[in-house]
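Structure file input.csv; described as CSV, C-alpha atoms and all ligand atoms.
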chain,number,residue,atom,x,y,z
A,1,MET,CA,-43.7,-8.4,18.8
A,2,LYS,CA,-42.0,-5.0,18.5
A,3,ARG,CA,-41.8,-3.6,15.0
A,4,ARG,CA,-38.9,-1.4,13.7
A,5,PRO,CA,-39.9,2.2,14.4
A,6,LEU,CA,-40.5,4.5,11.4
A,7,ILE,CA,-40.5,8.3,11.5
A,8,VAL,CA,-41.7,10.1,8.4
A,9,GLY,CA,-41.6,13.8,7.8
A,10,ASN,CA,-44.4,15.3,5.6
A,11,TRP,CA,-43.2,18.6,4.4
A,12,LYS,CA,-46.5,19.5,2.9
A,13,MET,CA,-46.3,22.6,0.5
A,14,TYR,CA,-43.1,24.0,2.1
A,15,LYS,CA,-39.5,24.3,0.9
A,16,SER,CA,-38.0,25.5,-2.3
A,17,ILE,CA,-35.2,23.5,-3.9
A,18,PRO,CA,-32.4,25.4,-2.1
A,19,GLU,CA,-34.3,25.2,1.2
A,20,THR,CA,-34.7,21.4,0.6
A,21,ILE,CA,-31.0,20.9,0.1
A,22,THR,CA,-30.2,22.9,3.3
A,23,LEU,CA,-32.8,21.0,5.4
A,24,VAL,CA,-31.8,17.6,4.1
A,25,ASN,CA,-28.2,18.3,4.9
A,26,VAL,CA,-29.1,19.4,8.5
A,27,ILE,CA,-31.2,16.2,9.0
A,28,LYS,CA,-28.5,14.0,7.5
A,29,ALA,CA,-25.8,15.4,9.7
A,30,GLY,CA,-28.0,15.3,12.8
A,31,LEU,CA,-29.0,11.6,12.3
A,32,TYR,CA,-25.7,10.4,11.1
A,33,LYS,CA,-25.1,8.3,14.2
A,34,VAL,CA,-28.7,7.2,15.0
A,35,ALA,CA,-29.6,3.6,14.2
A,36,GLY,CA,-32.5,1.3,15.1
A,37,VAL,CA,-35.1,3.4,13.4
A,38,ASP,CA,-36.3,3.9,9.8
A,39,VAL,CA,-36.5,7.6,8.7
A,40,ALA,CA,-38.0,9.1,5.6
A,41,VAL,CA,-38.7,12.7,4.4
A,42,CYS,CA,-41.4,13.6,1.9
A,43,PRO,CA,-40.7,17.0,0.3
A,44,PRO,CA,-43.0,18.5,-2.4
A,45,PHE,CA,-42.7,17.0,-5.9
A,46,THR,CA,-40.5,19.8,-7.2
A,47,SER,CA,-37.9,19.1,-4.5
A,48,LEU,CA,-37.7,15.3,-4.8
A,49,LYS,CA,-34.8,15.1,-7.2
A,50,ALA,CA,-32.7,17.6,-5.2
A,51,ALA,CA,-33.6,15.7,-2.0
A,52,SER,CA,-32.7,12.4,-3.6
A,53,GLU,CA,-29.3,13.6,-4.7
A,54,THR,CA,-28.6,15.2,-1.3
A,55,LEU,CA,-29.6,12.0,0.6
A,56,GLU,CA,-27.0,10.0,-1.3
A,57,GLY,CA,-25.0,8.0,1.2
A,58,ALA,CA,-27.4,8.6,4.1
A,59,LYS,CA,-29.7,6.0,5.7
A,60,ILE,CA,-32.7,8.2,5.2
A,61,ASP,CA,-35.4,7.3,2.6
A,62,LEU,CA,-37.4,9.5,0.4
A,63,GLY,CA,-41.2,9.6,0.0
A,64,ALA,CA,-43.8,11.5,-2.0
A,65,GLN,CA,-46.9,13.1,-0.6
A,66,ASP,CA,-49.3,11.7,-3.2
A,67,MET,CA,-49.3,9.8,-6.5
A,68,CYS,CA,-51.6,9.2,-9.4
A,69,SER,CA,-53.2,5.8,-9.7
A,70,GLU,CA,-52.5,5.8,-13.5
A,71,VAL,CA,-49.1,5.1,-15.0
A,72,GLU,CA,-49.2,7.7,-17.8
A,73,GLY,CA,-51.6,9.6,-20.1
A,74,ALA,CA,-53.7,12.7,-20.2
A,75,PHE,CA,-53.8,13.5,-16.5
A,76,THR,CA,-52.8,17.1,-16.3
A,77,GLY,CA,-51.1,18.0,-13.0
A,78,ALA,CA,-50.7,14.4,-11.8
A,79,ILE,CA,-47.5,12.6,-11.0
A,80,SER,CA,-47.1,9.0,-12.0
A,81,PRO,CA,-45.4,6.1,-10.2
A,82,LEU,CA,-42.8,6.0,-12.9
A,83,MET,CA,-41.8,9.6,-12.1
A,84,LEU,CA,-41.5,8.8,-8.5
A,85,LYS,CA,-39.3,5.8,-9.3
A,86,ASP,CA,-37.1,8.1,-11.4
A,87,VAL,CA,-36.2,10.1,-8.2
A,88,ARG,CA,-35.9,6.9,-6.0
A,89,CYS,CA,-38.9,7.4,-3.7
A,90,ARG,CA,-39.5,4.4,-1.4
A,91,TYR,CA,-42.6,5.7,0.4
A,92,VAL,CA,-45.8,7.4,-0.8
A,93,ILE,CA,-48.3,9.0,1.5
A,94,LEU,CA,-51.8,8.3,0.3
A,95,GLY,CA,-55.2,9.5,1.6
A,96,HIS,CA,-53.8,12.4,3.8
A,97,SER,CA,-56.7,14.2,5.3
A,98,GLU,CA,-55.7,17.4,3.5
A,99,ARG,CA,-56.0,15.5,0.2
A,100,ARG,CA,-59.4,14.1,1.2
A,101,LYS,CA,-60.8,17.4,2.5
A,102,ILE,CA,-59.3,20.0,0.1
A,103,PHE,CA,-59.0,17.9,-3.0
A,104,GLY,CA,-62.0,15.7,-2.5
A,105,GLU,CA,-60.2,12.4,-2.6
A,106,THR,CA,-62.4,9.5,-1.9
A,107,ASN,CA,-61.7,6.1,-0.3
A,108,GLY,CA,-62.2,4.5,-3.7
A,109,GLU,CA,-59.5,6.6,-5.4
A,110,ILE,CA,-57.1,6.0,-2.5
A,111,ASN,CA,-57.7,2.3,-2.9
A,112,ARG,CA,-56.7,2.5,-6.6
A,113,LYS,CA,-53.6,4.5,-5.6
A,114,ILE,CA,-52.6,2.0,-3.0
A,115,SER,CA,-52.9,-0.9,-5.6
A,116,THR,CA,-50.7,1.0,-8.1
A,117,ALA,CA,-48.2,1.9,-5.4
A,118,LEU,CA,-47.8,-1.7,-4.4
A,119,ARG,CA,-47.6,-2.8,-8.1
A,120,PHE,CA,-44.6,-0.4,-8.4
A,121,SER,CA,-43.1,-1.7,-5.1
A,122,PHE,CA,-43.5,1.5,-3.2
A,123,VAL,CA,-44.4,1.4,0.5
A,124,PRO,CA,-47.8,3.1,0.7
A,125,ILE,CA,-48.5,5.1,3.9
A,126,LEU,CA,-52.3,5.0,4.2
A,127,CYS,CA,-53.7,7.8,6.3
A,128,VAL,CA,-56.9,7.3,8.2
A,129,GLY,CA,-58.5,9.4,10.9
A,130,GLU,CA,-61.7,11.0,12.1
A,131,THR,CA,-62.7,14.7,12.3
A,132,LEU,CA,-63.5,16.4,15.7
A,133,GLU,CA,-67.2,16.2,14.9
A,134,GLU,CA,-67.0,12.5,14.2
A,135,ARG,CA,-65.1,11.9,17.5
A,136,GLU,CA,-67.5,14.0,19.5
A,137,SER,CA,-70.4,12.1,18.0
A,138,LYS,CA,-68.7,8.8,19.0
A,139,ARG,CA,-68.2,7.7,15.4
A,140,ALA,CA,-64.4,7.7,15.3
A,141,PHE,CA,-64.1,3.9,15.2
A,142,GLU,CA,-66.8,3.5,12.6
A,143,VAL,CA,-65.2,6.2,10.3
A,144,VAL,CA,-61.7,4.6,10.6
A,145,LYS,CA,-63.2,1.1,9.9
A,146,GLU,CA,-64.9,2.5,6.8
A,147,GLN,CA,-61.6,4.1,5.6
A,148,PHE,CA,-59.7,0.9,6.4
A,149,ASP,CA,-62.1,-1.4,4.7
A,150,THR,CA,-62.6,0.6,1.5
A,151,CYS,CA,-59.0,1.8,1.0
A,152,LEU,CA,-57.7,-1.8,1.2
A,153,ILE,CA,-60.4,-3.5,-0.9
A,154,GLY,CA,-59.0,-6.2,-3.1
A,155,LEU,CA,-55.6,-6.4,-1.5
A,156,ALA,CA,-54.1,-9.8,-0.5
A,157,ALA,CA,-52.6,-10.4,2.9
A,158,SER,CA,-49.1,-10.4,1.3
A,159,ASP,CA,-49.8,-6.9,0.0
A,160,ILE,CA,-51.0,-5.6,3.3
A,161,GLU,CA,-47.7,-6.6,5.0
A,162,ARG,CA,-46.0,-3.9,2.8
A,163,VAL,CA,-48.5,-1.2,3.8
A,164,VAL,CA,-47.9,1.3,6.6
A,165,ILE,CA,-51.0,2.8,8.2
A,166,ALA,CA,-50.9,6.2,9.7
A,167,TYR,CA,-53.7,7.1,12.2
A,168,GLU,CA,-54.0,10.8,12.0
A,169,PRO,CA,-57.0,12.3,13.8
A,170,VAL,CA,-57.9,15.3,11.8
A,171,TRP,CA,-58.5,17.4,14.9
A,172,ALA,CA,-54.9,16.9,15.9
A,173,ILE,CA,-53.3,17.9,12.5
A,174,GLY,CA,-51.5,21.2,12.6
A,175,THR,CA,-53.6,22.2,15.7
A,176,GLY,CA,-51.1,21.7,18.5
A,177,ARG,CA,-53.7,19.4,20.1
A,178,THR,CA,-52.1,16.0,20.1
A,179,ALA,CA,-54.1,12.8,20.9
A,180,THR,CA,-53.1,11.5,24.3
A,181,PRO,CA,-51.0,8.4,24.2
A,182,GLU,CA,-54.0,6.5,25.5
A,183,GLN,CA,-56.3,7.8,22.7
A,184,ALA,CA,-53.7,6.9,20.1
A,185,GLU,CA,-53.2,3.4,21.6
A,186,GLN,CA,-56.9,2.8,21.7
A,187,MET,CA,-57.3,3.5,18.0
A,188,HIS,CA,-54.0,1.7,17.0
A,189,SER,CA,-55.0,-1.5,18.8
A,190,TYR,CA,-58.4,-1.3,17.1
A,191,ILE,CA,-56.7,-1.0,13.7
A,192,ARG,CA,-54.5,-3.9,14.6
A,193,ARG,CA,-57.6,-5.9,15.5
A,194,LEU,CA,-59.1,-5.1,12.2
A,195,LEU,CA,-55.9,-6.3,10.5
A,196,LYS,CA,-56.0,-9.5,12.5
A,197,GLU,CA,-59.6,-10.2,11.7
A,198,LYS,CA,-59.1,-9.7,8.0
A,199,TYR,CA,-55.6,-10.8,7.2
A,200,GLY,CA,-54.6,-13.0,10.2
A,201,GLU,CA,-52.4,-12.6,13.2
A,202,VAL,CA,-49.0,-12.9,11.5
A,203,VAL,CA,-49.7,-10.1,9.1
A,204,SER,CA,-51.4,-7.9,11.7
A,205,GLU,CA,-48.2,-8.1,13.9
A,206,ARG,CA,-46.0,-7.0,11.0
A,207,VAL,CA,-47.9,-3.9,9.9
A,208,ARG,CA,-46.5,-0.7,11.2
A,209,ILE,CA,-49.1,1.8,12.5
A,210,LEU,CA,-47.8,5.4,12.8
A,211,TYR,CA,-49.4,8.2,14.8
A,212,GLY,CA,-49.7,11.6,13.2
A,213,GLY,CA,-51.1,14.9,14.6
A,214,SER,CA,-49.0,17.6,16.3
A,215,VAL,CA,-46.1,15.3,17.1
A,216,LYS,CA,-43.3,17.2,18.8
A,217,PRO,CA,-39.9,16.4,20.4
A,218,ASP,CA,-41.6,16.5,23.8
A,219,ASN,CA,-44.5,14.2,23.2
A,220,ILE,CA,-43.0,11.5,20.9
A,221,ALA,CA,-41.5,9.4,23.7
A,222,LEU,CA,-44.8,8.9,25.5
A,223,LEU,CA,-46.6,8.0,22.3
A,224,MET,CA,-43.9,5.5,21.3
A,225,ALA,CA,-44.1,3.9,24.7
A,226,LYS,CA,-47.5,2.5,23.7
A,227,SER,CA,-47.2,-1.0,22.4
A,228,ASN,CA,-49.1,-0.4,19.1
A,229,VAL,CA,-47.5,2.9,18.2
A,230,ASP,CA,-44.7,2.0,15.8
A,231,GLY,CA,-43.7,5.5,14.8
A,232,ALA,CA,-44.9,8.9,13.6
A,233,LEU,CA,-46.0,10.8,10.6
A,234,VAL,CA,-44.8,14.4,11.4
A,235,GLY,CA,-45.9,17.5,9.6
A,236,GLY,CA,-45.0,20.9,11.0
A,237,ALA,CA,-42.2,19.8,13.2
A,238,SER,CA,-40.5,17.9,10.3
A,239,ILE,CA,-39.6,21.1,8.4
A,240,LYS,CA,-37.4,22.4,11.2
A,241,GLY,CA,-34.2,20.4,11.2
A,242,GLU,CA,-33.5,20.4,14.9
A,243,SER,CA,-37.0,19.4,15.9
A,244,PHE,CA,-37.2,16.5,13.4
A,245,ILE,CA,-33.8,15.3,14.6
A,246,GLN,CA,-35.0,15.4,18.2
A,247,ILE,CA,-38.2,13.6,17.3
A,248,VAL,CA,-36.3,10.7,15.7
A,249,THR,CA,-33.8,10.6,18.6
A,250,ASN,CA,-36.5,10.7,21.3
A,251,ALA,CA,-38.5,8.0,19.5
A,252,LEU,CA,-36.1,5.4,20.7
A,253,PRO,CA,-35.8,4.4,24.3
A,254,GLU,CA,-32.0,4.1,23.9
A,255,PRO,CA,-30.9,5.3,20.5
A,256,LEU,CA,-28.1,3.2,19.1
A,257,LEU,CA,-25.3,5.5,18.1
A,258,GLU,CA,-23.8,3.8,15.1
A,259,PRO,CA,-23.0,5.4,11.8
A,260,VAL,CA,-25.0,3.6,9.1
A,261,ARG,CA,-24.5,4.1,5.4
A,262,ARG,CA,-26.7,2.9,2.6
A,301,LIG,C1,-49.5,15.7,8.9
A,301,LIG,O1,-49.5,16.6,8.1
A,301,LIG,O2,-49.5,14.5,8.5
A,301,LIG,C2,-49.3,16.1,10.3
A,301,LIG,C3,-49.4,15.1,11.2
A,301,LIG,O3,-49.2,17.4,10.6
A,301,LIG,P1,-48.7,18.0,12.0
A,301,LIG,O4,-47.6,17.2,12.6
A,301,LIG,O5,-48.3,19.4,11.7
A,301,LIG,O6,-49.9,18.0,12.9

Output the file's structure as structure tokens, nothing else.
Ligand code: PEP
Amino acid sequence: MKRRPLIVGNWKMYKSIPETITLVNVIKAGLYKVAGVDVAVCPPFTSLKAASETLEGAKIDLGAQDMCSEVEGAFTGAISPLMLKDVRCRYVILGHSERRKIFGETNGEINRKISTALRFSFVPILCVGETLEERESKRAFEVVKEQFDTCLIGLAASDIERVVIAYEPVWAIGTGRTATPEQAEQMHSYIRRLLKEKYGEVVSERVRILYGGSVKPDNIALLMAKSNVDGALVGGASIKGESFIQIVTNALPEPLLEPVRR
């Protein structure tokens, strides 16, 4: 079963509000005729409202890069699911390796965020992936299994269907060193097997598994050719309009050129 491809741009801590409006307009114009693929952009929190307004009328969704597991209260600096609803986010990236490493996020916290995201009808994008040291010591599969098991504790099969998983080997993020399509496929098929063992075949076949780590216009097609790679989470190359447009276009074997409006 082939799932509908999904390409997500993680803008990280880049782009002011005026820059966001410019970039969203470029992406909107460039993807106006491309169909057959879901596309989302995840600007920083301060740019979400401007991005949401600029995306009006486009078939491109909005996502956030993180979210608090609590709904409201004394959580200085945090952003609640209600605030993300206000600006019409559909996706929320959770457990990105930069959040894990720099901000000390644990699998347990990520699990709570995923539960909250689902309760508020967001599509959580759960990031998993091993460091270089873990890969070199042959622990990549064990690490990803631990992240998978703990981050998804307590969720029912019907919840899992709505989750997107992004396999992002830490050694490939922002390094220019992309996993080979074979390395990506090996881990993606492993994740699909974990999904099948825990939630059954039907659910495992529905979950989209994205690859992330130095995705570029010239490597996306070979990654997408693998049967368990359903799309990409793109960092650096998503904040340049032309490269993001090319990644989306090259992700499809034969892009359908139909204007689609939401
Ligand atoms: C990311 O930040 O999720 C990412 C994959 O970054 P990059 O594409 O720059 O490696």

_Non-local contacts of stretch 113-121 of chain A (10 Å; only C-alpha atoms; under 5 positions in same chain excluded) as a ChimeraX atom specification_ = /A:66-71,80-82,84-85,90-95,107-108,126,151-155,159-160,162-163

*Which residues, protein or nucleic acid, reach to within 9 Å of (-37.9, 12.9, 17.4) in the file's coordinates when using all atoms listed in the file, and can you give that as JSON, numbers by chain?*
{"A": [7, 215, 216, 217, 218, 219, 220, 221, 232, 243, 244, 245, 246, 247, 248, 249, 250, 251, 252]}

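Using only C-alpha atoms, the shortest contact distance between A:Lys145 and any of A:Leu194, A:Ile102, A:Ala225, A:Ile110 is found at A:Leu194.
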
*Write out as a list of chain:residue names each polymer residue (protein, DNA or RNA) that has an atom no more than 6 Å from ligand LIG 301 (chain A), with only C-alpha atoms and all ligand atoms counted.*
A:Asn10, A:Ala172, A:Ile173, A:Gly174, A:Gly212, A:Gly213, A:Ser214, A:Val215, A:Leu233, A:Val234, A:Gly235, A:Gly236

If you count all atoms listed in the file, which residues fall within 9 Å of A:Ala50, apart from same-chain ones fewer than 2 positions away, as a PDB file with C-alpha atoms, in the coordinates of the input?
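Below is the file that was written, result02.pdb:
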ATOM      1  CA  ILE A  17     -35.200  23.500  -3.900  1.00  0.00           C
ATOM      2  CA  PRO A  18     -32.400  25.400  -2.100  1.00  0.00           C
ATOM      3  CA  THR A  20     -34.700  21.400   0.600  1.00  0.00           C
ATOM      4  CA  ILE A  21     -31.000  20.900   0.100  1.00  0.00           C
ATOM      5  CA  THR A  46     -40.500  19.800  -7.200  1.00  0.00           C
ATOM      6  CA  SER A  47     -37.900  19.100  -4.500  1.00  0.00           C
ATOM      7  CA  LEU A  48     -37.700  15.300  -4.800  1.00  0.00           C
ATOM      8  CA  SER A  52     -32.700  12.400  -3.600  1.00  0.00           C
ATOM      9  CA  GLU A  53     -29.300  13.600  -4.700  1.00  0.00           C
ATOM     10  CA  THR A  54     -28.600  15.200  -1.300  1.00  0.00           C
ATOM     11  CA  LEU A  55     -29.600  12.000   0.600  1.00  0.00           C
ATOM     12  CA  VAL A  87     -36.200  10.100  -8.200  1.00  0.00           C
TER      13      VAL A  87
END

*With only C-alpha atoms as the basis for distance, which of A:Val41, A:Thr150, A:Ala140, A:Glu130 is at the shortest distance from A:Glu109?*
A:Thr150

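Among the candidates A:Phe148, A:Glu133, A:Val37, A:Trp11, the one nearest to A:Asp230 when counting only C-alpha atoms is A:Val37.
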
*From the set A:Lys59, A:Lys49, A:Lys15, A:His188, which residue has the shortest atom-to-atom contact distance to A:Ala29, counting only C-alpha atoms?*
A:Lys59

*asked:* At a cut-off of 8 Å, using all atoms listed in the file, what residues contact A:Ala40? Leave out same-chain residues fewer than 6 positions from it and give the result as a PyMOL selection string.
replied: chain A and resi 6-9+60-63+91

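Distance-wise, atom CA of A:Glu201 and atom CA of A:Thr180 end up 26.5 Å apart.
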
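Of the listed residues (A:Glu161, A:Glu146, A:Glu56, A:Glu254), A:Glu161 comes nearest to A:Ser204; the distances count all atoms listed in the file.
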
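Remark: for A:Val229, the closest of the candidate residues A:Phe103, A:Tyr167, A:Tyr199, A:Tyr32 is A:Tyr167 (distances computed over all atoms listed in the file).
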
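The space between atom CA of A:Val164 and atom CA of A:Ala74 spans 29.7 Å.
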
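As for atom CA of A:Lys198 and atom CA of A:Asp149, they are spaced 9.4 Å apart.
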